[in-house]
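> You'll find protein.pdb just under this line, and it carries PDB, C-alpha atoms.
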```
ATOM      1  CA  MET O   1     -14.785  38.530  28.486
ATOM      2  CA  ALA O   2     -12.709  35.350  28.719
ATOM      3  CA  SER O   3     -10.863  34.622  25.489
ATOM      4  CA  LYS O   4     -12.388  31.908  23.322
ATOM      5  CA  LYS O   5     -10.909  28.437  23.125
ATOM      6  CA  VAL O   6      -8.961  27.914  19.902
ATOM      7  CA  ILE O   7      -9.753  25.159  17.409
ATOM      8  CA  THR O   8      -7.081  24.500  14.806
ATOM      9  CA  VAL O   9      -8.555  23.514  11.437
ATOM     10  CA  PHE O  10      -6.256  21.678   9.037
ATOM     11  CA  GLY O  11      -6.968  21.773   5.312
ATOM     12  CA  ALA O  12      -8.878  25.000   5.928
ATOM     13  CA  THR O  13      -8.960  26.028   2.261
ATOM     14  CA  GLY O  14     -10.134  22.566   1.146
ATOM     15  CA  ALA O  15     -13.698  21.263   0.904
ATOM     16  CA  GLN O  16     -14.079  19.648   4.352
ATOM     17  CA  GLY O  17     -11.780  21.987   6.283
ATOM     18  CA  GLY O  18     -13.301  25.073   4.668
ATOM     19  CA  SER O  19     -16.812  23.998   5.625
ATOM     20  CA  VAL O  20     -15.697  23.320   9.215
ATOM     21  CA  ALA O  21     -13.797  26.618   9.555
ATOM     22  CA  ARG O  22     -16.738  28.680   8.244
ATOM     23  CA  SER O  23     -19.228  26.913  10.480
ATOM     24  CA  LEU O  24     -17.098  27.371  13.614
ATOM     25  CA  LEU O  25     -16.646  31.055  12.778
ATOM     26  CA  GLU O  26     -20.404  31.471  12.313
ATOM     27  CA  GLY O  27     -21.049  29.765  15.654
ATOM     28  CA  LYS O  28     -18.797  32.308  17.419
ATOM     29  CA  ARG O  29     -18.206  29.887  20.294
ATOM     30  CA  PHE O  30     -14.589  29.098  19.369
ATOM     31  CA  ALA O  31     -11.708  31.024  17.839
ATOM     32  CA  VAL O  32     -10.466  29.432  14.601
ATOM     33  CA  ARG O  33      -6.842  28.936  13.613
ATOM     34  CA  ALA O  34      -7.014  27.993   9.945
ATOM     35  CA  VAL O  35      -4.052  26.000   8.615
ATOM     36  CA  THR O  36      -3.201  26.023   4.928
ATOM     37  CA  ARG O  37      -0.111  25.427   2.830
ATOM     38  CA  ASP O  38      -0.569  28.746   1.001
ATOM     39  CA  VAL O  39      -1.745  31.690   3.111
ATOM     40  CA  THR O  40      -1.976  33.960   0.033
ATOM     41  CA  ARG O  41      -4.812  32.001  -1.609
ATOM     42  CA  PRO O  42      -8.149  33.843  -2.000
ATOM     43  CA  LYS O  43      -9.821  31.185   0.184
ATOM     44  CA  ALA O  44      -7.287  31.906   2.951
ATOM     45  CA  LYS O  45      -7.985  35.638   2.688
ATOM     46  CA  ALA O  46     -11.746  34.959   2.832
ATOM     47  CA  LEU O  47     -11.301  33.039   6.110
ATOM     48  CA  ARG O  48      -9.179  35.876   7.502
ATOM     49  CA  ASP O  49     -11.946  38.317   6.578
ATOM     50  CA  LEU O  50     -14.418  36.130   8.519
ATOM     51  CA  GLY O  51     -12.244  36.390  11.621
ATOM     52  CA  ALA O  52      -9.932  33.367  11.456
ATOM     53  CA  GLU O  53      -6.259  33.436  12.333
ATOM     54  CA  VAL O  54      -4.650  31.991   9.181
ATOM     55  CA  VAL O  55      -1.325  30.190   9.578
ATOM     56  CA  LYS O  56       0.959  28.370   7.172
ATOM     57  CA  GLY O  57       1.247  24.676   7.873
ATOM     58  CA  ASP O  58       1.898  21.403   6.138
ATOM     59  CA  LEU O  59       1.097  17.886   7.355
ATOM     60  CA  ASN O  60       4.529  16.773   6.118
ATOM     61  CA  ASP O  61       6.279  19.359   8.307
ATOM     62  CA  ALA O  62       6.319  18.390  11.991
ATOM     63  CA  ALA O  63       7.438  21.818  13.238
ATOM     64  CA  SER O  64       4.566  23.614  11.470
ATOM     65  CA  VAL O  65       2.024  21.106  12.840
ATOM     66  CA  GLU O  66       3.393  21.549  16.367
ATOM     67  CA  ALA O  67       3.189  25.350  16.016
ATOM     68  CA  ALA O  68      -0.365  25.180  14.621
ATOM     69  CA  LEU O  69      -1.538  23.174  17.652
ATOM     70  CA  LYS O  70       0.284  25.199  20.327
ATOM     71  CA  GLY O  71      -2.208  26.498  22.878
ATOM     72  CA  ALA O  72      -5.220  25.070  21.019
ATOM     73  CA  TYR O  73      -8.168  23.456  22.793
ATOM     74  CA  GLY O  74      -9.103  21.265  19.835
ATOM     75  CA  ALA O  75      -8.463  20.493  16.176
ATOM     76  CA  PHE O  76     -10.227  19.315  13.062
ATOM     77  CA  VAL O  77      -7.937  17.049  11.079
ATOM     78  CA  VAL O  78      -8.425  15.981   7.480
ATOM     79  CA  THR O  79      -5.828  14.277   5.284
ATOM     80  CA  ASN O  80      -6.096  14.006   1.510
ATOM     81  CA  PHE O  81      -5.140  10.593   0.108
ATOM     82  CA  TRP O  82      -5.738  11.833  -3.450
ATOM     83  CA  ASP O  83      -2.940  14.409  -3.074
ATOM     84  CA  HIS O  84      -0.370  11.630  -3.340
ATOM     85  CA  ASN O  85      -2.271   8.301  -3.688
ATOM     86  CA  SER O  86      -0.217   6.816  -0.874
ATOM     87  CA  LYS O  87      -1.781   5.080   2.105
ATOM     88  CA  GLU O  88       1.608   5.077   3.864
ATOM     89  CA  LYS O  89       1.979   8.825   3.460
ATOM     90  CA  GLU O  90      -1.562   9.437   4.735
ATOM     91  CA  VAL O  91      -0.866   7.279   7.807
ATOM     92  CA  CYS O  92       2.406   9.169   8.447
ATOM     93  CA  GLN O  93       0.621  12.520   8.272
ATOM     94  CA  GLY O  94      -2.178  11.380  10.571
ATOM     95  CA  LYS O  95       0.216   9.938  13.163
ATOM     96  CA  LEU O  96       2.321  13.106  13.064
ATOM     97  CA  VAL O  97      -0.752  15.183  14.001
ATOM     98  CA  ALA O  98      -1.829  12.645  16.637
ATOM     99  CA  ASP O  99       1.597  12.727  18.323
ATOM    100  CA  ALA O 100       1.640  16.544  18.292
ATOM    101  CA  ALA O 101      -1.931  16.678  19.669
ATOM    102  CA  LYS O 102      -0.874  14.359  22.499
ATOM    103  CA  ARG O 103       2.200  16.476  23.312
ATOM    104  CA  GLN O 104       0.211  19.710  23.234
ATOM    105  CA  GLY O 105      -2.530  18.273  25.460
ATOM    106  CA  LEU O 106      -5.464  18.922  23.089
ATOM    107  CA  GLN O 107      -8.805  18.232  24.721
ATOM    108  CA  HIS O 108     -10.833  17.310  21.617
ATOM    109  CA  VAL O 109      -9.750  16.312  18.123
ATOM    110  CA  VAL O 110     -12.296  15.633  15.399
ATOM    111  CA  TYR O 111     -10.677  13.487  12.714
ATOM    112  CA  SER O 112     -12.153  12.862   9.279
ATOM    113  CA  GLY O 113     -11.711   9.112   9.344
ATOM    114  CA  LEU O 114     -13.047   5.982   7.644
ATOM    115  CA  GLU O 115     -13.039   2.264   8.324
ATOM    116  CA  ASN O 116      -9.924   0.112   8.019
ATOM    117  CA  VAL O 117     -11.538  -2.126   5.389
ATOM    118  CA  LYS O 118      -8.494  -4.373   5.027
ATOM    119  CA  ARG O 119      -8.552  -5.211   8.734
ATOM    120  CA  LEU O 120     -12.350  -5.550   8.914
ATOM    121  CA  THR O 121     -12.426  -7.994   5.970
ATOM    122  CA  GLY O 122      -9.388  -9.999   7.047
ATOM    123  CA  GLY O 123      -7.435  -8.796   4.027
ATOM    124  CA  GLN O 124     -10.103  -9.758   1.476
ATOM    125  CA  LEU O 125     -10.733  -6.154   0.405
ATOM    126  CA  GLU O 126      -8.292  -3.275   0.233
ATOM    127  CA  VAL O 127      -9.513   0.298  -0.111
ATOM    128  CA  PRO O 128      -6.351   2.348   0.502
ATOM    129  CA  HIS O 129      -8.118   5.712   0.917
ATOM    130  CA  PHE O 130     -10.234   4.121   3.677
ATOM    131  CA  ASP O 131      -7.616   1.817   5.213
ATOM    132  CA  GLY O 132      -5.049   4.521   6.021
ATOM    133  CA  LYS O 133      -7.655   6.679   7.755
ATOM    134  CA  GLY O 134      -8.755   3.614   9.730
ATOM    135  CA  GLU O 135      -5.173   3.046  10.893
ATOM    136  CA  VAL O 136      -4.925   6.696  11.959
ATOM    137  CA  GLU O 137      -8.216   6.464  13.901
ATOM    138  CA  GLU O 138      -6.849   3.449  15.798
ATOM    139  CA  TYR O 139      -3.594   5.274  16.502
ATOM    140  CA  PHE O 140      -5.267   8.416  17.912
ATOM    141  CA  TRP O 141      -7.261   6.314  20.358
ATOM    142  CA  SER O 142      -4.342   3.988  21.220
ATOM    143  CA  ILE O 143      -2.159   6.903  22.411
ATOM    144  CA  GLY O 144      -5.012   8.401  24.429
ATOM    145  CA  VAL O 145      -5.915  11.521  22.440
ATOM    146  CA  PRO O 146      -9.571  12.534  23.101
ATOM    147  CA  MET O 147     -10.793  12.082  19.524
ATOM    148  CA  THR O 148     -14.070  11.756  17.630
ATOM    149  CA  SER O 149     -13.906  10.239  14.164
ATOM    150  CA  VAL O 150     -16.416  11.444  11.583
ATOM    151  CA  ARG O 151     -16.834   8.920   8.782
ATOM    152  CA  MET O 152     -18.310  10.617   5.740
ATOM    153  CA  ALA O 153     -20.620   8.805   3.340
ATOM    154  CA  ALA O 154     -19.982   9.018  -0.407
ATOM    155  CA  TYR O 155     -19.929  12.641  -1.540
ATOM    156  CA  PHE O 156     -22.887  13.851  -3.589
ATOM    157  CA  GLU O 157     -20.242  16.006  -5.340
ATOM    158  CA  ASN O 158     -18.922  12.824  -7.007
ATOM    159  CA  PHE O 159     -22.079  12.768  -9.161
ATOM    160  CA  LEU O 160     -20.887  16.018 -10.770
ATOM    161  CA  ALA O 161     -17.526  14.537 -11.787
ATOM    162  CA  LEU O 162     -16.340  10.945 -11.388
ATOM    163  CA  TRP O 163     -19.859   9.455 -11.353
ATOM    164  CA  LYS O 164     -21.649  11.821 -13.708
ATOM    165  CA  PRO O 165     -24.209  10.178 -16.044
ATOM    166  CA  MET O 166     -22.789   9.000 -19.377
ATOM    167  CA  LYS O 167     -24.600   9.037 -22.724
ATOM    168  CA  ALA O 168     -25.641   5.509 -23.693
ATOM    169  CA  SER O 169     -24.175   4.244 -26.956
ATOM    170  CA  ASP O 170     -27.418   2.522 -27.970
ATOM    171  CA  GLY O 171     -30.063   5.197 -27.455
ATOM    172  CA  ASP O 172     -31.201   8.603 -26.304
ATOM    173  CA  TYR O 173     -30.652   8.098 -22.583
ATOM    174  CA  TYR O 174     -27.863   8.241 -19.995
ATOM    175  CA  THR O 175     -26.472   5.643 -17.612
ATOM    176  CA  LEU O 176     -25.196   5.863 -14.043
ATOM    177  CA  ALA O 177     -22.418   3.341 -13.450
ATOM    178  CA  LEU O 178     -21.991   2.466  -9.776
ATOM    179  CA  PRO O 179     -21.474  -1.175  -8.779
ATOM    180  CA  MET O 180     -23.909  -1.274  -5.869
ATOM    181  CA  GLY O 181     -26.461  -3.834  -7.086
ATOM    182  CA  ASP O 182     -29.740  -3.044  -5.321
ATOM    183  CA  VAL O 183     -28.086  -2.037  -2.033
ATOM    184  CA  PRO O 184     -28.749   1.603  -1.024
ATOM    185  CA  MET O 185     -25.618   3.765  -0.862
ATOM    186  CA  ASP O 186     -25.283   6.471   1.777
ATOM    187  CA  GLY O 187     -24.446   9.953   0.521
ATOM    188  CA  ILE O 188     -23.889  13.482   1.778
ATOM    189  CA  SER O 189     -22.706  16.848   0.487
ATOM    190  CA  VAL O 190     -19.219  17.734   1.697
ATOM    191  CA  ASP O 191     -20.504  21.262   2.452
ATOM    192  CA  ASP O 192     -22.723  19.815   5.182
ATOM    193  CA  ILE O 193     -19.832  18.535   7.304
ATOM    194  CA  GLY O 194     -19.139  21.954   8.897
ATOM    195  CA  PRO O 195     -22.278  22.309  11.044
ATOM    196  CA  ILE O 196     -21.977  18.617  12.025
ATOM    197  CA  VAL O 197     -18.415  19.037  13.286
ATOM    198  CA  SER O 198     -19.422  22.267  15.095
ATOM    199  CA  SER O 199     -22.178  20.342  16.886
ATOM    200  CA  ILE O 200     -19.678  17.642  17.887
ATOM    201  CA  PHE O 201     -17.238  20.239  19.292
ATOM    202  CA  ASN O 202     -20.168  21.692  21.261
ATOM    203  CA  SER O 203     -20.904  18.283  22.868
ATOM    204  CA  PRO O 204     -17.561  16.680  23.762
ATOM    205  CA  LYS O 205     -18.980  14.492  26.536
ATOM    206  CA  GLU O 206     -21.304  12.792  24.064
ATOM    207  CA  PHE O 207     -18.793  12.261  21.273
ATOM    208  CA  VAL O 208     -15.195  11.903  22.517
ATOM    209  CA  GLY O 209     -13.947   8.367  21.894
ATOM    210  CA  LYS O 210     -16.617   7.594  19.305
ATOM    211  CA  ALA O 211     -16.776   7.072  15.557
ATOM    212  CA  VAL O 212     -19.771   8.771  13.952
ATOM    213  CA  GLY O 213     -20.997   7.593  10.541
ATOM    214  CA  LEU O 214     -22.487  10.496   8.581
ATOM    215  CA  SER O 215     -25.159  10.260   5.881
ATOM    216  CA  ALA O 216     -27.871  12.591   4.589
ATOM    217  CA  GLU O 217     -29.766   9.642   3.079
ATOM    218  CA  ALA O 218     -29.246   6.241   1.485
ATOM    219  CA  LEU O 219     -30.530   5.680  -2.068
ATOM    220  CA  THR O 220     -30.214   2.846  -4.561
ATOM    221  CA  VAL O 221     -28.412   3.587  -7.831
ATOM    222  CA  GLN O 222     -31.803   3.657  -9.569
ATOM    223  CA  GLN O 223     -33.094   6.196  -7.024
ATOM    224  CA  TYR O 224     -30.021   8.386  -7.621
ATOM    225  CA  ALA O 225     -30.684   7.991 -11.367
ATOM    226  CA  ASP O 226     -34.345   8.992 -10.901
ATOM    227  CA  VAL O 227     -33.312  12.222  -9.128
ATOM    228  CA  LEU O 228     -30.818  12.987 -11.904
ATOM    229  CA  SER O 229     -33.500  12.324 -14.559
ATOM    230  CA  LYS O 230     -35.884  14.739 -12.864
ATOM    231  CA  VAL O 231     -33.322  17.502 -12.387
ATOM    232  CA  LEU O 232     -31.687  17.190 -15.808
ATOM    233  CA  GLY O 233     -34.841  16.518 -17.803
ATOM    234  CA  LYS O 234     -33.071  13.559 -19.428
ATOM    235  CA  GLU O 235     -33.617   9.860 -18.807
ATOM    236  CA  VAL O 236     -30.911   8.382 -16.576
ATOM    237  CA  ARG O 237     -30.820   4.634 -15.896
ATOM    238  CA  ASP O 238     -28.851   2.402 -13.556
ATOM    239  CA  ALA O 239     -26.157   0.817 -15.757
ATOM    240  CA  LYS O 240     -26.335  -2.264 -13.496
ATOM    241  CA  ILE O 241     -22.575  -2.661 -13.679
ATOM    242  CA  THR O 242     -20.910  -5.321 -11.512
ATOM    243  CA  PRO O 243     -17.828  -4.637  -9.372
ATOM    244  CA  GLU O 244     -15.918  -7.068 -11.620
ATOM    245  CA  ALA O 245     -16.820  -5.063 -14.741
ATOM    246  CA  TYR O 246     -16.209  -1.748 -12.977
ATOM    247  CA  GLU O 247     -12.651  -2.585 -11.967
ATOM    248  CA  LYS O 248     -11.851  -3.328 -15.617
ATOM    249  CA  LEU O 249     -12.888   0.192 -16.729
ATOM    250  CA  GLY O 250      -9.209   1.055 -16.703
ATOM    251  CA  PHE O 251      -9.197   4.517 -15.114
ATOM    252  CA  PRO O 252      -6.861   5.147 -12.151
ATOM    253  CA  ALA O 253      -8.431   3.832  -8.930
ATOM    254  CA  ALA O 254     -11.132   1.785 -10.777
ATOM    255  CA  GLU O 255     -10.249  -1.277  -8.693
ATOM    256  CA  GLU O 256     -10.219   0.787  -5.505
ATOM    257  CA  MET O 257     -13.681   2.233  -6.314
ATOM    258  CA  ALA O 258     -15.011  -1.261  -7.055
ATOM    259  CA  ASN O 259     -13.715  -2.478  -3.684
ATOM    260  CA  MET O 260     -15.196   0.588  -1.980
ATOM    261  CA  CYS O 261     -18.608  -0.340  -3.417
ATOM    262  CA  ARG O 262     -18.115  -3.967  -2.321
ATOM    263  CA  PHE O 263     -17.539  -2.584   1.172
ATOM    264  CA  TYR O 264     -20.563  -0.258   0.902
ATOM    265  CA  GLN O 265     -22.647  -3.320   0.039
ATOM    266  CA  MET O 266     -21.690  -4.657   3.483
ATOM    267  CA  LYS O 267     -23.587  -1.640   4.902
ATOM    268  CA  PRO O 268     -21.043   0.125   7.143
ATOM    269  CA  ASP O 269     -22.614   2.111   9.954
ATOM    270  CA  ARG O 270     -23.864   5.485   8.717
ATOM    271  CA  ASP O 271     -26.452   7.153  10.950
ATOM    272  CA  VAL O 272     -28.956   9.264   8.978
ATOM    273  CA  LYS O 273     -30.967  10.193  12.061
ATOM    274  CA  LEU O 274     -27.930  11.388  14.028
ATOM    275  CA  THR O 275     -26.604  13.285  10.985
ATOM    276  CA  HIS O 276     -29.890  15.212  10.757
ATOM    277  CA  ARG O 277     -29.796  15.926  14.500
ATOM    278  CA  LEU O 278     -26.257  17.341  14.209
ATOM    279  CA  ASN O 279     -27.120  19.424  11.123
ATOM    280  CA  GLN O 280     -30.837  20.077  10.731
ATOM    281  CA  ALA O 281     -30.268  21.758   7.343
ATOM    282  CA  VAL O 282     -28.439  18.756   5.832
ATOM    283  CA  LYS O 283     -29.280  18.532   2.123
ATOM    284  CA  SER O 284     -30.957  15.588   0.408
ATOM    285  CA  PHE O 285     -29.550  14.437  -2.946
ATOM    286  CA  SER O 286     -32.527  16.062  -4.658
ATOM    287  CA  GLN O 287     -31.817  19.435  -2.986
ATOM    288  CA  PHE O 288     -28.122  19.125  -3.744
ATOM    289  CA  MET O 289     -28.721  18.399  -7.444
ATOM    290  CA  SER O 290     -31.260  21.227  -7.762
ATOM    291  CA  GLU O 291     -28.605  23.621  -6.467
ATOM    292  CA  ASN O 292     -25.849  22.173  -8.651
ATOM    293  CA  GLN O 293     -27.572  21.193 -11.883
ATOM    294  CA  GLY O 294     -25.531  23.826 -13.758
ATOM    295  CA  ALA O 295     -22.449  21.666 -13.224
ATOM    296  CA  LEU O 296     -23.940  18.999 -15.484
ATOM    297  CA  LYS O 297     -25.197  21.360 -18.207
ATOM    298  CA  GLY O 298     -22.801  20.042 -20.826
ATOM    299  CA  ILE O 299     -23.561  16.317 -20.550
TER     300      ILE O 299
END
```
Can I see the file as structure tokens?


Amino acid sequence: MASKKVITVFGATGAQGGSVARSLLEGKRFAVRAVTRDVTRPKAKALRDLGAEVVKGDLNDAASVEAALKGAYGAFVVTNFWDHNSKEKEVCQGKLVADAAKRQGLQHVVYSGLENVKRLTGGQLEVPHFDGKGEVEEYFWSIGVPMTSVRMAAYFENFLALWKPMKASDGDYYTLALPMGDVPMDGISVDDIGPIVSSIFNSPKEFVGKAVGLSAEALTVQQYADVLSKVLGKEVRDAKITPEAYEKLGFPAAEEMANMCRFYQMKPDRDVKLTHRLNQAVKSFSQFMSENQGALKGI
């Protein structure tokens, strides 16, 4: 039997990379080279047990990136802005991988990208964790790497942490504070990216050179609140907060989140129908919350 083509998966012990690595291993069509900074982690061992080759690599270390891509057919690339909160660093990491992919002659890279909001809005809005990924997308294509960008919608997982409902000060109910007005916001569970990326690797002719906007569904803040009310058995209401009020909340990245929601109100392209075609088992917000309601037990 001919040996399988190798796909290198960066961030393989993280949320996106882990989902992609597991899905590719389940599909059995490709061999997986899982890249992680710490090969002794339990998640790294779990991938090894599933049949992955696990290698040590770091997006800040050019030699390790080059070695991780040597002889590979393709790669899944994800960078984590929140590791360092630096757009410049994220762009450096992305370009380093792009240059190595070009040198190694990779035939298909799937990059977890997002729009360059600053460029699209003529500098009116800056969303650094989007903008850097947008610059990296442009760079991959400009140097001629066969690349598909997958642009994830807002993570449903955020509703378990950053966006979890807060107890109202003036009554026995909870509020959901997201500055979206009445505009539906696309969402998806990060776990659902794996089968989508597998499908894209299986159909290079259809997807190379394209950006694919991913979304399980788009709901208004009140609709998200209604699902939370049903699952938690507690009344959750849309706080109806404005972006201006949100950016004054004072937590790190409040202004960035407000600008992200301003951009979401401009309805960037997220394709629900295509997302469901690429992963027929993609979870709705209601399904996701039913499976994860334990995470909000203490609210």

> Between CA of Thr175 in chain O and CA of Glu256 in chain O, what is the distance in Å, rounded to a tenth?

20.8 Å

> Could you state the separation of CA of Met180 in chain O and CA of Tyr224 in chain O in Å, given to one decimal place?

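Separation of CA of Met180 in chain O and CA of Tyr224 in chain O: 11.6 Å.
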
> How far is it from CA of Ala161 in chain O to CA of Phe263 in chain O, in Å with one decimal?

21.5 Å

> Selected by the PyMOL selection byres ((chain O and resi 270) around 8) in the shown coordinates: which residues, as a PyMOL selection string?

chain O and resi 151+153+186+212-215+268-269+271-272

> Quick one: axis-aligned box around all listed atoms of range 6-9 of chain O, 8 Å on every side, centre and edge lengths in Å to one decimal, written as lines of an AutoDock Vina configuration file.


```
center_x = -8.4
center_y = 25.7
center_z = 15.7
size_x = 18.7
size_y = 20.4
size_z = 24.5
```

> Find the spatial neighbours of Ala63 in chain O, counting only C-alpha atoms, within a cut-off of 12 Å - ignore same-chain residues fewer than 5 positions away - and output them as a list in words.

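Near neighbours after the sequence-gap exclusion: Lys56, Gly57, Asp58, Ala68, Leu69, Lys70, Leu96, Val97, Asp99 and Ala100 of chain O.
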
> Between O:Pro128, O:Pro204, O:Pro195, O:Gly187, single out the one closest to Glu157 in chain O, counting only C-alpha atoms.

O:Gly187

> Smallest atom-to-atom distance to Gly27 in chain O: which of O:Ser198, O:Ala67, O:Val190, O:Phe156, using only C-alpha atoms?

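Closest to Gly27 in chain O, using only C-alpha atoms: O:Ser198.
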
> Identify, on the basis of all atoms listed in the file, every residue whose closest approach to range 288-294 of chain O does not exceed 8 Å; exclude the query and any residue fewer than 6 positions from it along the same chain; express the result as a count of residues only.

6

> Mind dumping range 19-42 of chain O from that block, keeping N, CA and C atoms, as a PDB file, in the first residue's frame?


```pdb
ATOM      1  N   SER O  19      -8.870  19.402  17.411  1.00  0.00           N
ATOM      2  CA  SER O  19     -10.049  18.938  16.681  1.00  0.00           C
ATOM      3  C   SER O  19      -9.664  18.481  15.269  1.00  0.00           C
ATOM      4  N   VAL O  20      -8.794  19.255  14.618  1.00  0.00           N
ATOM      5  CA  VAL O  20      -8.362  18.919  13.254  1.00  0.00           C
ATOM      6  C   VAL O  20      -7.548  17.621  13.256  1.00  0.00           C
ATOM      7  N   ALA O  21      -6.603  17.506  14.184  1.00  0.00           N
ATOM      8  CA  ALA O  21      -5.758  16.298  14.228  1.00  0.00           C
ATOM      9  C   ALA O  21      -6.607  15.046  14.446  1.00  0.00           C
ATOM     10  N   ARG O  22      -7.540  15.116  15.402  1.00  0.00           N
ATOM     11  CA  ARG O  22      -8.387  13.935  15.685  1.00  0.00           C
ATOM     12  C   ARG O  22      -9.246  13.568  14.484  1.00  0.00           C
ATOM     13  N   SER O  23      -9.788  14.565  13.826  1.00  0.00           N
ATOM     14  CA  SER O  23     -10.662  14.297  12.682  1.00  0.00           C
ATOM     15  C   SER O  23      -9.881  13.682  11.511  1.00  0.00           C
ATOM     16  N   LEU O  24      -8.679  14.196  11.255  1.00  0.00           N
ATOM     17  CA  LEU O  24      -7.857  13.625  10.181  1.00  0.00           C
ATOM     18  C   LEU O  24      -7.464  12.186  10.500  1.00  0.00           C
ATOM     19  N   LEU O  25      -7.163  11.926  11.768  1.00  0.00           N
ATOM     20  CA  LEU O  25      -6.800  10.563  12.175  1.00  0.00           C
ATOM     21  C   LEU O  25      -7.995   9.616  12.014  1.00  0.00           C
ATOM     22  N   GLU O  26      -9.176  10.098  12.365  1.00  0.00           N
ATOM     23  CA  GLU O  26     -10.386   9.275  12.210  1.00  0.00           C
ATOM     24  C   GLU O  26     -10.659   8.977  10.741  1.00  0.00           C
ATOM     25  N   GLY O  27     -10.389   9.959   9.885  1.00  0.00           N
ATOM     26  CA  GLY O  27     -10.652   9.792   8.448  1.00  0.00           C
ATOM     27  C   GLY O  27      -9.731   8.790   7.782  1.00  0.00           C
ATOM     28  N   LYS O  28      -8.545   8.594   8.375  1.00  0.00           N
ATOM     29  CA  LYS O  28      -7.571   7.588   7.899  1.00  0.00           C
ATOM     30  C   LYS O  28      -7.071   7.812   6.467  1.00  0.00           C
ATOM     31  N   ARG O  29      -7.353   8.965   5.906  1.00  0.00           N
ATOM     32  CA  ARG O  29      -6.919   9.227   4.528  1.00  0.00           C
ATOM     33  C   ARG O  29      -5.498   9.801   4.501  1.00  0.00           C
ATOM     34  N   PHE O  30      -5.156  10.541   5.571  1.00  0.00           N
ATOM     35  CA  PHE O  30      -3.849  11.190   5.664  1.00  0.00           C
ATOM     36  C   PHE O  30      -3.134  10.722   6.929  1.00  0.00           C
ATOM     37  N   ALA O  31      -1.805  10.771   6.887  1.00  0.00           N
ATOM     38  CA  ALA O  31      -1.016  10.601   8.109  1.00  0.00           C
ATOM     39  C   ALA O  31      -0.915  11.973   8.780  1.00  0.00           C
ATOM     40  N   VAL O  32      -0.890  11.994  10.098  1.00  0.00           N
ATOM     41  CA  VAL O  32      -0.883  13.270  10.832  1.00  0.00           C
ATOM     42  C   VAL O  32       0.431  13.443  11.579  1.00  0.00           C
ATOM     43  N   ARG O  33       1.068  14.582  11.334  1.00  0.00           N
ATOM     44  CA  ARG O  33       2.243  14.980  12.120  1.00  0.00           C
ATOM     45  C   ARG O  33       1.779  16.128  13.023  1.00  0.00           C
ATOM     46  N   ALA O  34       1.638  15.818  14.292  1.00  0.00           N
ATOM     47  CA  ALA O  34       1.081  16.777  15.249  1.00  0.00           C
ATOM     48  C   ALA O  34       2.205  17.579  15.896  1.00  0.00           C
ATOM     49  N   VAL O  35       2.117  18.899  15.772  1.00  0.00           N
ATOM     50  CA  VAL O  35       3.176  19.781  16.299  1.00  0.00           C
ATOM     51  C   VAL O  35       2.699  20.436  17.584  1.00  0.00           C
ATOM     52  N   THR O  36       3.534  20.340  18.614  1.00  0.00           N
ATOM     53  CA  THR O  36       3.194  20.968  19.892  1.00  0.00           C
ATOM     54  C   THR O  36       4.484  21.420  20.572  1.00  0.00           C
ATOM     55  N   ARG O  37       4.349  22.428  21.438  1.00  0.00           N
ATOM     56  CA  ARG O  37       5.551  22.920  22.116  1.00  0.00           C
ATOM     57  C   ARG O  37       6.028  21.944  23.193  1.00  0.00           C
ATOM     58  N   ASP O  38       5.099  21.130  23.719  1.00  0.00           N
ATOM     59  CA  ASP O  38       5.448  20.209  24.802  1.00  0.00           C
ATOM     60  C   ASP O  38       4.929  18.811  24.468  1.00  0.00           C
ATOM     61  N   VAL O  39       5.840  17.947  24.021  1.00  0.00           N
ATOM     62  CA  VAL O  39       5.431  16.606  23.568  1.00  0.00           C
ATOM     63  C   VAL O  39       5.096  15.668  24.736  1.00  0.00           C
ATOM     64  N   THR O  40       5.341  16.116  25.972  1.00  0.00           N
ATOM     65  CA  THR O  40       5.043  15.258  27.133  1.00  0.00           C
ATOM     66  C   THR O  40       3.637  15.480  27.689  1.00  0.00           C
ATOM     67  N   ARG O  41       2.913  16.458  27.154  1.00  0.00           N
ATOM     68  CA  ARG O  41       1.562  16.731  27.666  1.00  0.00           C
ATOM     69  C   ARG O  41       0.629  15.539  27.440  1.00  0.00           C
ATOM     70  N   PRO O  42      -0.335  15.322  28.339  1.00  0.00           N
ATOM     71  CA  PRO O  42      -1.294  14.219  28.134  1.00  0.00           C
ATOM     72  C   PRO O  42      -1.997  14.290  26.783  1.00  0.00           C
TER      73      PRO O  42
END
```
